[in-house]
$ cat coords.txt   # compact mmCIF, C-alpha atoms
# COMPACT_ATOMS: atom_id res chain seq x y z
CA MET V 11 -19.08 -27.05 1.78
CA LYS V 12 -16.16 -26.00 3.99
CA ILE V 13 -13.75 -26.95 1.21
CA LEU V 14 -15.61 -24.76 -1.30
CA LEU V 15 -15.62 -21.82 1.12
CA THR V 16 -11.89 -22.26 1.77
CA LEU V 17 -11.16 -22.38 -1.98
CA TYR V 18 -13.27 -19.24 -2.53
CA ILE V 19 -11.37 -17.34 0.19
CA ILE V 20 -8.02 -18.41 -1.25
CA LEU V 21 -8.96 -17.43 -4.80
CA THR V 22 -10.35 -14.03 -3.78
CA SER V 23 -7.24 -13.27 -1.72
CA PHE V 24 -5.07 -13.93 -4.79
CA SER V 25 -7.15 -11.62 -6.97
CA SER V 26 -6.92 -8.74 -4.47
CA THR V 27 -3.10 -8.97 -4.37
CA THR V 28 -2.62 -8.87 -8.14
CA PRO V 29 -1.29 -5.40 -9.04
CA SER V 30 -3.36 -3.37 -11.46
CA ALA V 31 -1.87 -2.05 -14.69
CA TRP V 32 0.23 1.12 -14.62
CA THR V 33 -1.60 4.36 -15.43
CA LYS V 34 -0.40 6.42 -18.39
CA TRP V 35 2.45 8.84 -17.73
CA GLU V 36 1.09 12.21 -16.55
CA LYS V 37 2.89 15.54 -16.29
CA THR V 38 3.05 16.95 -12.80
CA PRO V 39 0.92 20.06 -12.22
CA CYS V 40 3.99 22.28 -11.81
CA TYR V 41 6.83 20.89 -13.96
CA ASP V 42 6.28 19.71 -17.54
CA LYS V 43 9.45 17.62 -17.60
CA ILE V 44 8.63 15.53 -14.53
CA GLU V 45 6.06 12.82 -15.16
CA PHE V 46 4.54 10.20 -12.89
CA ARG V 47 2.49 7.03 -13.11
CA TYR V 48 1.10 4.66 -10.51
CA ARG V 49 -0.68 1.38 -10.00
CA HIS V 50 -2.76 -0.11 -7.20
CA LEU V 51 -1.06 -3.01 -5.45
CA ARG V 52 -3.42 -4.09 -2.69
CA THR V 53 -5.83 -3.01 0.01
CA HIS V 54 -5.00 -3.27 3.72
CA GLY V 55 -8.30 -2.67 5.50
CA ALA V 56 -9.23 0.95 4.68
CA ARG V 57 -5.73 1.73 3.36
CA HIS V 58 -4.56 1.28 -0.22
CA GLU V 59 -1.02 0.52 -1.28
CA PHE V 60 0.20 1.97 -4.58
CA GLU V 61 3.47 1.94 -6.48
CA VAL V 62 4.56 5.26 -7.96
CA GLN V 63 7.25 5.96 -10.56
CA PHE V 64 8.69 9.25 -11.77
CA LYS V 65 10.26 10.08 -15.12
CA ASN V 66 12.85 12.87 -15.51
CA ARG V 67 12.86 14.50 -18.95
CA TYR V 68 15.37 17.18 -17.91
CA GLU V 69 18.98 16.98 -19.15
CA ASN V 70 20.27 17.19 -15.56
CA THR V 71 19.83 15.24 -12.36
CA ILE V 72 16.90 16.70 -10.45
CA TYR V 73 16.11 16.93 -6.73
CA PHE V 74 12.48 17.45 -5.76
CA ASP V 75 9.77 16.95 -3.15
CA TYR V 76 6.65 14.91 -3.85
CA ALA V 77 3.47 14.20 -1.94
CA LEU V 78 0.06 12.68 -2.48
CA ALA V 79 -2.81 15.16 -2.76
CA ASP V 80 -6.57 14.90 -2.94
CA ALA V 81 -7.58 14.65 -6.60
CA LYS V 82 -10.21 17.42 -6.33
CA THR V 83 -8.85 19.90 -3.79
CA LYS V 84 -5.11 19.27 -4.39
CA GLU V 85 -4.68 19.42 -0.59
CA GLY V 86 -1.95 17.22 0.83
CA LEU V 87 -2.77 13.71 1.98
CA ASP V 88 0.79 12.76 2.77
CA HIS V 89 3.91 14.47 4.08
CA ALA V 90 6.33 15.56 1.36
CA ARG V 91 9.34 13.36 0.67
CA ARG V 92 12.53 14.43 -1.10
CA THR V 93 14.12 12.35 -3.84
CA SER V 94 16.53 12.65 -6.74
CA LEU V 95 16.44 11.31 -10.27
CA PRO V 96 19.23 11.24 -12.90
CA ALA V 97 18.74 12.92 -16.26
CA SER V 98 16.39 11.14 -18.69
CA GLN V 99 15.70 8.27 -16.27
CA GLU V 100 12.71 6.56 -14.66
CA SER V 101 12.76 6.01 -10.92
CA LYS V 102 12.43 2.67 -9.24
CA SER V 103 8.95 1.92 -7.90
CA ILE V 104 8.11 3.69 -4.65
CA SER V 105 5.42 2.28 -2.33
CA VAL V 106 2.90 4.78 -0.95
CA PHE V 107 -0.16 4.28 1.24
CA THR V 108 -3.39 6.30 1.26
CA ASN V 109 -6.95 6.08 2.54
CA THR V 110 -8.38 6.92 -0.88
CA GLU V 111 -8.05 5.66 -4.42
CA ALA V 112 -8.60 9.17 -5.86
CA PHE V 113 -5.38 11.17 -5.57
CA THR V 114 -2.79 13.02 -7.60
CA ILE V 115 0.93 13.52 -7.14
CA VAL V 116 2.17 17.01 -6.35
CA VAL V 117 5.81 17.89 -7.02
CA GLY V 118 7.62 20.96 -5.72
CA GLN V 119 10.92 22.47 -4.66
CA LEU V 120 12.76 21.36 -7.78
CA SER V 121 16.49 22.06 -7.85
CA PHE V 122 19.42 20.88 -9.93
CA SER V 123 21.78 20.59 -6.95
CA PRO V 124 21.40 18.57 -3.76
CA TYR V 125 22.72 21.55 -1.77
CA SER V 126 20.58 24.31 -3.28
CA THR V 127 17.92 26.09 -1.28
CA VAL V 128 16.90 28.11 -4.33
CA TYR V 129 14.14 26.25 -6.16
CA GLU V 130 12.97 26.43 -9.78
CA ALA V 131 9.69 28.21 -10.48
CA CYS V 132 6.85 26.20 -11.99
CA ASP V 133 6.85 25.91 -15.76
CA ASP V 134 4.40 28.03 -17.72
CA GLN V 135 1.44 25.74 -18.29
CA GLU V 136 -0.37 25.85 -21.62
CA ASP V 137 -3.99 24.73 -21.45
$ encode --input "coords.txt" --output "structure tokens"
Amino acid sequence: MKILLTLYIILTSFSSTTPSAWTKWEKTPCYDKIEFRYRHLRTHGARHEFEVQFKNRYENTIYFDYALADAKTKEGLDHARRTSLPASQESKSISVFTNTEAFTIVVGQLSFSPYSTVYEACDDQED
């Protein structure tokens, strides 16, 4: 019986560490030419680890802030981080942690220079 219990624990631990499939690419709420996708990696107690990727569809390198936000209220769950992404490229996977599985990615302060403090306005969104 102990052997069966041990095998069950080992098998269930493997299944919880298998990453889920990537979500479809989604446009960010503010900028049409920045897309993101994510996948669930594993659970650490009450915390969830995800991998996030960004896609730049601009013809220039971009510099922007990103943060996790509550899926319903769009209120921040995570402190903003700044990153850059070359033109027409996908980022490497970025690990993020959250206490919820329901979140969205918010992007802001887009610029086309690493030294600029003047940021691009959000794109006009067509519904």
$ closest_residue --input "coords.txt" --among "V:Asn70, V:Ser98, V:Ser103, V:Thr110" --to "Trp32 in chain V" --atoms "only C-alpha atoms"
V:Ser103
$ closest_residue --input "coords.txt" --among "V:Ile44, V:Ile104, V:Ala31, V:Val116" --to "Asp133 in chain V" --atoms "only C-alpha atoms"
V:Ile44
$ closest_residue --input "coords.txt" --among "V:Ala131, V:Leu78, V:Leu120, V:Ala97" --to "Asn66 in chain V" --atoms "all atoms listed in the file"
V:Ala97
$ closest_residue --input "coords.txt" --among "V:Gly118, V:Glu69, V:Arg47, V:Thr127" --to "Leu95 in chain V" --atoms "all atoms listed in the file"
V:Glu69
$ closest_residue --input "coords.txt" --among "V:Ser121, V:Ser126, V:Thr114, V:Thr71" --to "Ser101 in chain V" --atoms "only C-alpha atoms"
V:Thr71
$ closest_residue --input "coords.txt" --among "V:Pro29, V:Tyr41, V:Tyr73, V:Lys65" --to "Ser123 in chain V" --atoms "all atoms listed in the file"
V:Tyr73
$ atom_distance --input "coords.txt" --atom1 "CA of Pro96 in chain V" --atom2 "CA of Glu130 in chain V"
16.7 Å
$ residues_near_point --input "coords.txt" --point "(4.2, 14.9, -16.0)" --cutoff "10 Å" --atoms "all atoms listed in the file" --output "number ranges by chain"
V: 34-47, 64-67, 115, 117
$ residues_around --input "coords.txt" --residues "range 50-60 of chain V" --least-positions-apart "3" --cutoff "8 Å" --atoms "all atoms listed in the file" --output "PyMOL selection string"
chain V and resi 26-31+105-111
$ write_last_selection --input "coords.txt" --atoms "C-alpha atoms" --output "compact mmCIF listing (two decimals), in the frame of the given file"
# COMPACT_ATOMS: atom_id res chain seq x y z
CA SER V 26 -6.92 -8.74 -4.47
CA THR V 27 -3.10 -8.97 -4.37
CA THR V 28 -2.62 -8.87 -8.14
CA PRO V 29 -1.29 -5.40 -9.04
CA SER V 30 -3.36 -3.37 -11.46
CA ALA V 31 -1.87 -2.05 -14.69
CA SER V 105 5.42 2.28 -2.33
CA VAL V 106 2.90 4.78 -0.95
CA PHE V 107 -0.16 4.28 1.24
CA THR V 108 -3.39 6.30 1.26
CA ASN V 109 -6.95 6.08 2.54
CA THR V 110 -8.38 6.92 -0.88
CA GLU V 111 -8.05 5.66 -4.42
$ atom_distance --input "coords.txt" --atom1 "CA of Tyr125 in chain V" --atom2 "CA of Glu100 in chain V"
22.2 Å
$ atom_distance --input "coords.txt" --atom1 "CA of Val128 in chain V" --atom2 "CA of Ile72 in chain V"
12.9 Å
